[in-house]
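Structure data follow from run.csv (CSV, C-alpha atoms and all ligand atoms):
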chain,number,residue,atom,x,y,z
A,1,MET,CA,44.5,-39.2,-42.2
A,2,ASN,CA,45.2,-35.7,-43.7
A,3,ARG,CA,48.7,-34.5,-42.9
A,4,LEU,CA,50.3,-31.1,-43.5
A,5,PRO,CA,52.5,-30.8,-46.6
A,6,ASN,CA,56.2,-30.4,-46.2
A,7,LEU,CA,56.8,-27.0,-47.7
A,8,SER,CA,60.2,-26.1,-46.2
A,9,HIS,CA,61.4,-24.5,-49.5
A,10,VAL,CA,58.4,-22.2,-49.5
A,11,TRP,CA,59.0,-21.1,-45.9
A,12,GLU,CA,62.6,-20.5,-46.8
A,13,GLU,CA,61.9,-18.6,-50.1
A,14,THR,CA,59.1,-16.4,-48.7
A,15,LEU,CA,60.1,-15.8,-45.1
A,16,GLY,CA,63.8,-16.7,-45.0
A,17,TRP,CA,62.9,-19.1,-42.2
A,18,CYS,CA,62.1,-22.8,-41.8
A,19,PRO,CA,60.5,-24.6,-38.9
A,20,SER,CA,62.7,-27.0,-37.0
A,21,PRO,CA,61.6,-30.7,-36.9
A,22,GLU,CA,60.1,-30.0,-33.5
A,23,GLN,CA,58.2,-26.9,-34.7
A,24,GLN,CA,57.0,-29.0,-37.7
A,25,GLN,CA,55.6,-31.6,-35.3
A,26,GLN,CA,53.9,-28.8,-33.3
A,27,PHE,CA,52.3,-27.4,-36.5
A,28,GLU,CA,51.1,-30.9,-37.3
A,29,ALA,CA,49.7,-31.3,-33.8
A,30,LEU,CA,48.0,-27.9,-34.1
A,31,TYR,CA,46.4,-29.0,-37.4
A,32,GLN,CA,45.2,-32.3,-36.0
A,33,GLY,CA,43.9,-30.6,-32.8
A,34,ILE,CA,41.9,-28.1,-34.9
A,35,LEU,CA,40.5,-30.8,-37.1
A,36,GLN,CA,39.4,-32.7,-34.0
A,37,GLY,CA,38.0,-29.6,-32.3
A,38,ASN,CA,36.1,-28.8,-35.5
A,39,GLN,CA,33.9,-31.9,-35.0
A,40,LYS,CA,32.3,-30.2,-32.0
A,41,LEU,CA,32.9,-26.4,-32.5
A,42,ASN,CA,32.7,-24.3,-35.6
A,43,LEU,CA,36.4,-23.3,-35.6
A,44,THR,CA,37.3,-23.0,-39.2
A,45,ARG,CA,36.2,-23.9,-42.7
A,46,ILE,CA,39.8,-24.2,-43.9
A,47,THR,CA,40.6,-27.8,-43.2
A,48,GLU,CA,42.4,-29.2,-46.3
A,49,PRO,CA,46.1,-29.6,-45.6
A,50,GLU,CA,47.5,-27.2,-48.2
A,51,ALA,CA,44.8,-24.6,-47.5
A,52,PHE,CA,45.4,-24.9,-43.7
A,53,TRP,CA,49.2,-24.5,-44.3
A,54,GLU,CA,48.8,-21.4,-46.5
A,55,LYS,CA,45.8,-19.6,-44.9
A,56,HIS,CA,46.4,-20.4,-41.3
A,57,LEU,CA,50.1,-21.2,-40.8
A,58,TRP,CA,51.9,-19.2,-43.4
A,59,ASP,CA,49.5,-16.2,-43.3
A,60,SER,CA,49.9,-16.0,-39.5
A,61,LEU,CA,53.7,-15.9,-39.6
A,62,ARG,CA,53.8,-13.5,-42.6
A,63,GLY,CA,52.6,-10.7,-40.3
A,64,LEU,CA,55.7,-11.1,-38.1
A,65,THR,CA,58.2,-9.8,-40.7
A,66,PRO,CA,59.3,-7.0,-38.4
A,67,LEU,CA,60.7,-9.8,-36.2
A,68,ASN,CA,63.5,-12.0,-37.2
A,69,LEU,CA,62.0,-15.5,-36.7
A,70,GLU,CA,65.5,-16.9,-36.2
A,71,THR,CA,66.1,-14.8,-33.1
A,72,GLU,CA,65.2,-15.8,-29.6
A,73,ALA,CA,62.9,-12.9,-29.4
A,74,ARG,CA,61.6,-12.5,-25.8
A,75,VAL,CA,58.7,-10.3,-26.9
A,76,SER,CA,55.2,-10.2,-25.5
A,77,ILE,CA,52.4,-10.7,-28.0
A,78,ILE,CA,48.6,-10.5,-27.7
A,79,ASP,CA,46.3,-12.0,-30.3
A,80,ILE,CA,43.0,-10.1,-30.0
A,81,GLY,CA,40.0,-12.0,-31.4
A,82,THR,CA,42.1,-15.2,-31.8
A,83,GLY,CA,39.2,-17.5,-32.6
A,84,ALA,CA,40.7,-20.9,-33.1
A,85,GLY,CA,44.2,-19.5,-32.2
A,86,PHE,CA,45.1,-17.5,-35.4
A,87,PRO,CA,47.5,-15.9,-35.8
A,88,GLY,CA,48.7,-16.3,-32.2
A,89,LEU,CA,49.3,-20.1,-32.0
A,90,PRO,CA,51.5,-20.4,-35.1
A,91,CYS,CA,53.4,-17.3,-33.9
A,92,ALA,CA,53.9,-18.9,-30.5
A,93,ILE,CA,55.3,-22.1,-32.1
A,94,ALA,CA,57.7,-20.1,-34.3
A,95,LEU,CA,58.8,-17.9,-31.4
A,96,PRO,CA,59.2,-20.2,-28.4
A,97,HIS,CA,60.7,-17.5,-26.3
A,98,ALA,CA,57.8,-15.1,-26.8
A,99,LYS,CA,55.1,-14.7,-24.2
A,100,VAL,CA,51.8,-15.0,-26.0
A,101,THR,CA,48.3,-14.1,-24.8
A,102,LEU,CA,45.2,-15.3,-26.8
A,103,LEU,CA,42.1,-13.2,-26.2
A,104,ASP,CA,38.6,-14.0,-27.4
A,105,SER,CA,35.1,-13.1,-26.3
A,106,THR,CA,33.8,-16.6,-26.9
A,107,ARG,CA,34.2,-18.8,-23.8
A,108,LYS,CA,33.9,-22.1,-25.7
A,109,LYS,CA,36.8,-21.2,-28.0
A,110,ILE,CA,39.0,-20.2,-25.1
A,111,ALA,CA,38.2,-23.5,-23.3
A,112,PHE,CA,39.1,-25.4,-26.4
A,113,LEU,CA,42.4,-23.4,-26.8
A,114,LYS,CA,43.4,-24.0,-23.2
A,115,THR,CA,43.3,-27.8,-23.8
A,116,LEU,CA,45.1,-27.4,-27.2
A,117,ILE,CA,47.8,-25.2,-25.6
A,118,SER,CA,48.6,-27.9,-23.0
A,119,GLU,CA,48.5,-30.7,-25.6
A,120,LEU,CA,51.0,-28.7,-27.7
A,121,GLY,CA,53.3,-28.1,-24.6
A,122,LEU,CA,53.2,-24.3,-25.2
A,123,SER,CA,53.8,-23.2,-21.6
A,124,GLN,CA,54.5,-19.6,-22.6
A,125,VAL,CA,50.9,-19.2,-24.0
A,126,SER,CA,47.8,-18.2,-22.1
A,127,ALA,CA,44.2,-18.0,-23.2
A,128,ILE,CA,41.7,-15.5,-21.7
A,129,VAL,CA,38.0,-14.9,-22.2
A,130,GLY,CA,37.1,-11.2,-22.6
A,131,ARG,CA,36.0,-8.4,-24.9
A,132,ALA,CA,38.9,-6.2,-26.0
A,133,GLU,CA,37.0,-3.0,-25.4
A,134,ASN,CA,36.3,-4.0,-21.8
A,135,ILE,CA,39.7,-5.1,-20.6
A,136,SER,CA,41.7,-2.5,-18.6
A,137,TRP,CA,45.1,-4.1,-18.3
A,138,LYS,CA,48.1,-1.8,-18.2
A,139,PRO,CA,50.0,-1.3,-21.5
A,140,GLN,CA,52.3,-4.3,-21.5
A,141,TYR,CA,52.6,-5.9,-25.0
A,142,ASP,CA,55.3,-5.4,-27.7
A,143,PHE,CA,53.0,-6.7,-30.4
A,144,ALA,CA,49.2,-6.9,-30.9
A,145,LEU,CA,47.9,-9.1,-33.7
A,146,LEU,CA,44.4,-8.8,-35.1
A,147,ARG,CA,43.1,-10.9,-38.0
A,148,ALA,CA,39.5,-10.8,-39.2
A,149,VAL,CA,38.2,-9.1,-36.1
A,150,SER,CA,36.7,-5.7,-37.0
A,151,SER,CA,37.3,-2.6,-39.1
A,152,ALA,CA,40.9,-1.3,-39.1
A,153,SER,CA,39.9,1.7,-36.9
A,154,THR,CA,38.2,-0.5,-34.3
A,155,CYS,CA,41.2,-2.8,-34.3
A,156,ALA,CA,43.4,0.1,-33.6
A,157,GLU,CA,41.1,1.2,-30.7
A,158,TYR,CA,41.4,-2.4,-29.3
A,159,ALA,CA,45.1,-2.7,-29.7
A,160,LEU,CA,46.8,0.6,-28.9
A,161,PRO,CA,45.8,0.8,-25.2
A,162,LEU,CA,47.4,-2.6,-24.6
A,163,LEU,CA,50.7,-1.8,-26.3
A,164,LYS,CA,53.8,-0.5,-24.6
A,165,PRO,CA,55.1,2.8,-25.9
A,166,GLU,CA,56.5,2.1,-29.4
A,167,GLY,CA,54.7,-1.3,-29.5
A,168,ILE,CA,53.4,-2.5,-32.8
A,169,ALA,CA,49.9,-3.5,-33.9
A,170,VAL,CA,49.6,-5.8,-36.9
A,171,LEU,CA,46.3,-5.8,-38.7
A,172,TYR,CA,46.0,-8.7,-41.1
A,173,ARG,CA,43.7,-7.7,-44.0
A,174,GLY,CA,42.7,-9.0,-47.4
A,175,ARG,CA,41.8,-6.1,-49.5
A,176,TRP,CA,42.8,-2.6,-48.4
A,177,THR,CA,41.3,0.7,-49.7
A,178,GLU,CA,42.3,4.3,-49.6
A,179,GLU,CA,39.1,5.1,-47.7
A,180,GLU,CA,40.0,2.6,-44.9
A,181,GLU,CA,43.5,4.2,-44.8
A,182,GLN,CA,42.1,7.7,-44.4
A,183,THR,CA,39.6,6.7,-41.6
A,184,LEU,CA,42.4,4.8,-39.8
A,185,LYS,CA,44.7,7.8,-39.9
A,186,LYS,CA,42.1,10.0,-38.3
A,187,THR,CA,41.6,7.3,-35.5
A,188,LEU,CA,45.3,7.0,-35.0
A,189,SER,CA,45.8,10.7,-34.5
A,190,LYS,CA,43.2,10.6,-31.7
A,191,LEU,CA,44.7,7.5,-30.1
A,192,GLY,CA,48.3,8.5,-30.2
A,193,GLY,CA,49.6,6.2,-32.8
A,194,SER,CA,50.9,6.3,-36.3
A,195,LEU,CA,50.8,4.2,-39.5
A,196,LEU,CA,54.2,2.6,-39.7
A,197,ASN,CA,54.0,0.6,-42.9
A,198,ILE,CA,51.6,-1.2,-45.2
A,199,GLU,CA,52.7,-4.3,-46.9
A,200,SER,CA,50.9,-5.7,-49.9
A,201,PHE,CA,51.6,-9.3,-51.0
A,202,SER,CA,50.2,-12.5,-52.3
A,203,THR,CA,49.9,-15.9,-50.6
A,204,PRO,CA,52.4,-18.3,-52.0
A,205,LEU,CA,50.2,-21.2,-53.2
A,206,THR,CA,46.9,-19.7,-54.4
A,207,PHE,CA,48.1,-16.0,-54.8
A,208,GLY,CA,45.4,-14.5,-52.6
A,209,GLN,CA,45.7,-10.8,-52.0
A,210,ARG,CA,46.8,-9.7,-48.5
A,211,HIS,CA,47.8,-6.6,-46.7
A,212,CYS,CA,49.5,-6.2,-43.4
A,213,ILE,CA,49.0,-2.9,-41.7
A,214,TYR,CA,51.6,-2.0,-39.1
A,215,LEU,CA,50.7,0.6,-36.5
A,216,LYS,CA,53.1,2.1,-33.9
A,217,LYS,CA,52.0,3.4,-30.6
A,218,ALA,CA,53.6,6.8,-29.8
A,219,GLN,CA,56.3,7.2,-27.2
A,220,LYS,CA,54.9,8.6,-23.9
B,301,LIG,C1,36.2,-14.1,-37.8
B,301,LIG,S1,36.9,-14.6,-36.2
B,301,LIG,C2,38.6,-14.6,-36.6
B,301,LIG,C3,39.4,-15.5,-35.7
B,301,LIG,C4,40.9,-15.5,-36.0
B,301,LIG,N1,41.5,-14.2,-35.6
B,301,LIG,C5,41.2,-15.9,-37.4
B,301,LIG,O1,41.7,-15.0,-38.2
B,301,LIG,O2,41.1,-17.1,-37.8
B,301,LIG,C6,36.7,-13.3,-35.2
B,301,LIG,C7,36.9,-13.6,-33.7
B,301,LIG,O3,37.0,-12.4,-33.0
B,301,LIG,C8,36.3,-12.6,-31.7
B,301,LIG,N2,35.9,-11.2,-31.4
B,301,LIG,C9,35.2,-10.3,-32.1
B,301,LIG,N3,35.1,-9.1,-31.4
B,301,LIG,C10,35.8,-9.3,-30.3
B,301,LIG,C11,36.1,-8.4,-29.2
B,301,LIG,N4,35.6,-7.2,-29.2
B,301,LIG,N5,36.9,-8.8,-28.2
B,301,LIG,C12,37.4,-10.1,-28.2
B,301,LIG,N6,37.2,-11.0,-29.2
B,301,LIG,C13,36.4,-10.6,-30.2
B,301,LIG,C14,35.1,-13.5,-32.1
B,301,LIG,O4,34.6,-14.2,-30.9
B,301,LIG,C15,35.8,-14.4,-33.1
B,301,LIG,O5,36.3,-15.6,-32.5

In structure tokens, what does this structure look like?
Ligand SMILES: C[S@@+](CC[C@H](N)C(=O)[O-])C[C@H]1O[C@@H](n2cnc3c(N)ncnc32)[C@H](O)[C@@H]1O
Amino acid sequence: MNRLPNLSHVWEETLGWCPSPEQQQQFEALYQGILQGNQKLNLTRITEPEAFWEKHLWDSLRGLTPLNLETEARVSIIDIGTGAGFPGLPCAIALPHAKVTLLDSTRKKIAFLKTLISELGLSQVSAIVGRAENISWKPQYDFALLRAVSSASTCAEYALPLLKPEGIAVLYRGRWTEEEEQTLKKTLSKLGGSLLNIESFSTPLTFGQRHCIYLKKAQK
């Protein structure tokens, strides 16, 4: 049976954080749950242990650098277009005091996630079927996470209405171009948001190029 590698030193060196033994067990259970779900649903092509660790677990948590993972952050987080639960589920495991909502338009994926959430004992996580552009909830989240969902501007359009004033949207991107940045800035000025920060970095095992784009919703 494939098992996740123990890469505590890489967590420590790159994020200044290391999962507790209980969190490590939850990551393992998440991995096994996804492998099992993959037999019926097309959830992910990233199934080898090291690739899963780097591209799903590490990559998900790397976006949370504005938060200190060691704190008992009681923040509310929405993962829009969560797919098989990324980046939302690793974030929920790392931040057990955060309230996490996983949103996806595909009913089958959400049904799978509901079972997985209960197997992992993540009582602070909920999974909801819906299209981001159709939901009309009040602004209630501190963080919105979006990975591989749509263009940066469309992601901003999905995320900003759901954020509290001064809430932060994290767009997980691979490459990032000047053109995307200019288009995003125009969209943000219409939506009442600003570009807070752009972080450029490499993944720690295979050195893949990544960018995290942090957007801030304006104060009222
Ligand atoms: C390429 S997958 C990425 C999944 C996950 N975020 C990841 O990085 O592994 C895109 C997901 O976004 C969902 N999605 C696309 N547009 C959406 C929308 N407007 N509202 C909600 N979910 C959406 C799709 O159903 C799909 O599961």

Separation of atom CA of A:Asn38 from atom CA of A:Phe112, in Å and rounded to one decimal: 10.2 Å

Distance in Å - atom CA of A:Ser20 versus atom CA of A:Thr203: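 Computed distance, atom CA of A:Ser20 to atom CA of A:Thr203, equals 21.7 Å.
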
Proximity to A:Ile93 - best of A:Phe143, A:Trp137, A:Phe52, A:Phe27, only C-alpha atoms: A:Phe27

Given 7 Å and only C-alpha atoms and all ligand atoms, residues near ligand LIG 301 (chain B) as number ranges by chain: A: 80-87, 103-106, 130-133, 146-150

Spatial sel., origin (45.5, -5.1, -35.5), limit 7 Å, only C-alpha atoms, listed as a PyMOL selection string: chain A and resi 144-147+152+155-156+159+169-172

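As for atom CA of A:Glu179 and atom CA of A:Ile198, they are spaced 14.2 Å apart.
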
Would you mind telling me which residue in A:Leu35, A:Ala218, A:Ala92, A:Ala98 lies nearest to A:Val75 when using only C-alpha atoms? A:Ala98

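Residues with any atom within 9 Å of A:Ser8, counting all atoms listed in the file and excluding same-chain neighbours fewer than 6 positions away, are A:Trp17, A:Cys18, A:Pro19.
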
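Among A:Leu15, A:Leu191, A:Leu184, A:Leu113, the residue with the shortest atom-to-atom distance to A:Ala94, counting all atoms listed in the file, is A:Leu15.
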
Measuring atom to atom with only C-alpha atoms, identify which of A:Leu215, A:Ile34, A:Leu41, A:Leu57 is nearest to A:Trp11. A:Leu57

Which residues are close to A:Asp59, i.e. within 12 Å by all atoms listed in the file, leaving aside same-chain residues fewer than 2 positions away? Reply as a ChimeraX atom specification. /A:11,14-15,51-57,61-65,86-91,147,171-174,201-212

Taking all atoms listed in the file into account, name the residue in A:Gln182, A:Asn68, A:Asn134, A:Gln23 that is nearest to A:Pro161.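 For A:Pro161, the nearest of the candidates is A:Asn134.
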
Residues at most 9 Å from A:Gly16, counting only C-alpha atoms, excluding those fewer than 5 positions away in the same chain, as a ChimeraX atom specification? /A:10-11,69-70

Residues from the last selection, C-alpha atoms, saved as a PDB file, in the frame of the given file:
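Okay, this is what ended up in part_30.pdb:
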ATOM      1  CA  VAL A  10      58.400 -22.200 -49.500  1.00  0.00           C
ATOM      2  CA  TRP A  11      59.000 -21.100 -45.900  1.00  0.00           C
ATOM      3  CA  LEU A  69      62.000 -15.500 -36.700  1.00  0.00           C
ATOM      4  CA  GLU A  70      65.500 -16.900 -36.200  1.00  0.00           C
TER       5      GLU A  70
END

Would you mind listing what lies within 10 Å of A:Thr183 as a list in words, with only C-alpha atoms counted and same-chain residues fewer than 5 positions away left out?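 Everything that qualifies: Ser151, Ala152, Ser153, Glu178 and Leu188 of chain A.
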
Leaving out A:Ser194 and any residue of its chain fewer than 2 positions from it, which residues lie within 10 Å of it when counting only C-alpha atoms, given as a short mmCIF file (atom, residue, chain, number, x, y, z; two decimals) with C-alpha atoms, in the coordinates of the input?
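New file part.cif:
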data_model
loop_
_atom_site.label_atom_id
_atom_site.label_comp_id
_atom_site.auth_asym_id
_atom_site.auth_seq_id
_atom_site.Cartn_x
_atom_site.Cartn_y
_atom_site.Cartn_z
CA GLU A 166 56.50 2.10 -29.40
CA ILE A 168 53.40 -2.50 -32.80
CA LEU A 184 42.40 4.80 -39.80
CA LYS A 185 44.70 7.80 -39.90
CA LYS A 186 42.10 10.00 -38.30
CA THR A 187 41.60 7.30 -35.50
CA LEU A 188 45.30 7.00 -35.00
CA SER A 189 45.80 10.70 -34.50
CA LYS A 190 43.20 10.60 -31.70
CA LEU A 191 44.70 7.50 -30.10
CA GLY A 192 48.30 8.50 -30.20
CA LEU A 196 54.20 2.60 -39.70
CA ASN A 197 54.00 0.60 -42.90
CA TYR A 214 51.60 -2.00 -39.10
CA LEU A 215 50.70 0.60 -36.50
CA LYS A 216 53.10 2.10 -33.90
CA LYS A 217 52.00 3.40 -30.60
CA ALA A 218 53.60 6.80 -29.80
#

For each of A:Arg74, A:Lys138, A:Lys108, A:Arg175, take the minimum atom-to-atom distance to A:Lys40, counting all atoms listed in the file, then give the residue where this is smallest.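 Using all atoms listed in the file, A:Lys40 sits closest to A:Lys108.
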